[in-house]
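Here is the structure we will look at.
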Amino acid sequence: MFLEMANALLQDAEQIEASIDQSHLTSSVAVGCFSSLGPTVVPTLFDALAADHPGVTVRAYTESADRLMQLLLSGEIEIAIGYNMNLDTALQTVPLFETRMHAIVSADHQAQLSRCSLQQILWNSR
């Protein structure tokens with residue numbers, strides 16, 4: 001699942017890259033993300049950026065959604081990577097990929113996982 005998401009991010013990065021004159025990219029960019037994305041999606045994205053644009057320095061921030069919004073609105077970061085964020089109307093979003101959440105339970109769990117809700121799983125856990 002994470003490999004698919006990383007590949008989607010890389011494809012998006014390649015499209016952006018194609019629209020930019022790469023020979024002059026030397027700068028610094030501040031990127032914020034949720035802590036759950038820090039060890040999974042972000043390293044692949046940063047590695048690809050570093051390989052394609054060695055003159056660009058990335059400053060990474062791992063924060064909560066509320067803090068990421070504060071950093072964006074204050075200009076401390078230029079980009080936030082996250083999901084289901086309550087956005088200020090002054091901000092724009094670009095979908096990077098679709099994802100599905102999964103419930104993972106032990107083999108002897110009481111829940112029937114074929115088609116159940118989170119509420120059903122939690123109720124059966126009592």
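So you can find residues: chains in the structure tokens are A, B, ... in the order shown, residues in each start at 1, and ligands are numbered from 1 in order.
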
Contacts of segment 61-73 of chain A within 12 Å, only C-alpha atoms, excl. fewer than 2 positions in-chain, as a VMD selection string: chain A and resid 29 to 39 42 58 to 59 75 to 92

Distance query Glu4 of chain A at most 12 Å, only C-alpha atoms, self and fewer than 6 positions along chain excluded, as a PyMOL selection string: chain A and resi 10-11+40-41+44+96-99

Skip segment 49-51 of chain A itself and residues of its chain fewer than 6 positions away, then list as a PDB file with C-alpha atoms, in the first residue's frame all residues within 10 Å of it, counting only C-alpha atoms.
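After the write, result.pdb holds the following:
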```
ATOM      1  CA  LEU A  10       6.705  10.334  -7.452  1.00  0.00           C
ATOM      2  CA  ALA A  13       6.581  15.082  -8.612  1.00  0.00           C
ATOM      3  CA  GLU A  14       7.659  14.119 -12.140  1.00  0.00           C
ATOM      4  CA  GLU A  17       9.396  18.614 -12.514  1.00  0.00           C
ATOM      5  CA  PRO A  43      11.306   9.728   2.890  1.00  0.00           C
ATOM      6  CA  THR A  57      17.362  21.867   0.711  1.00  0.00           C
ATOM      7  CA  VAL A  58      14.280  20.468   2.471  1.00  0.00           C
TER       8      VAL A  58
END
```

DSSP helix (DSSP H, G or I) residues within segment 43-106 of chain A, listed as a VMD selection string: chain A and resid 43 to 52 65 to 74

d(atom CA of Ser28 of chain A, atom CA of Phe46 of chain A) in Å: 12.5 Å
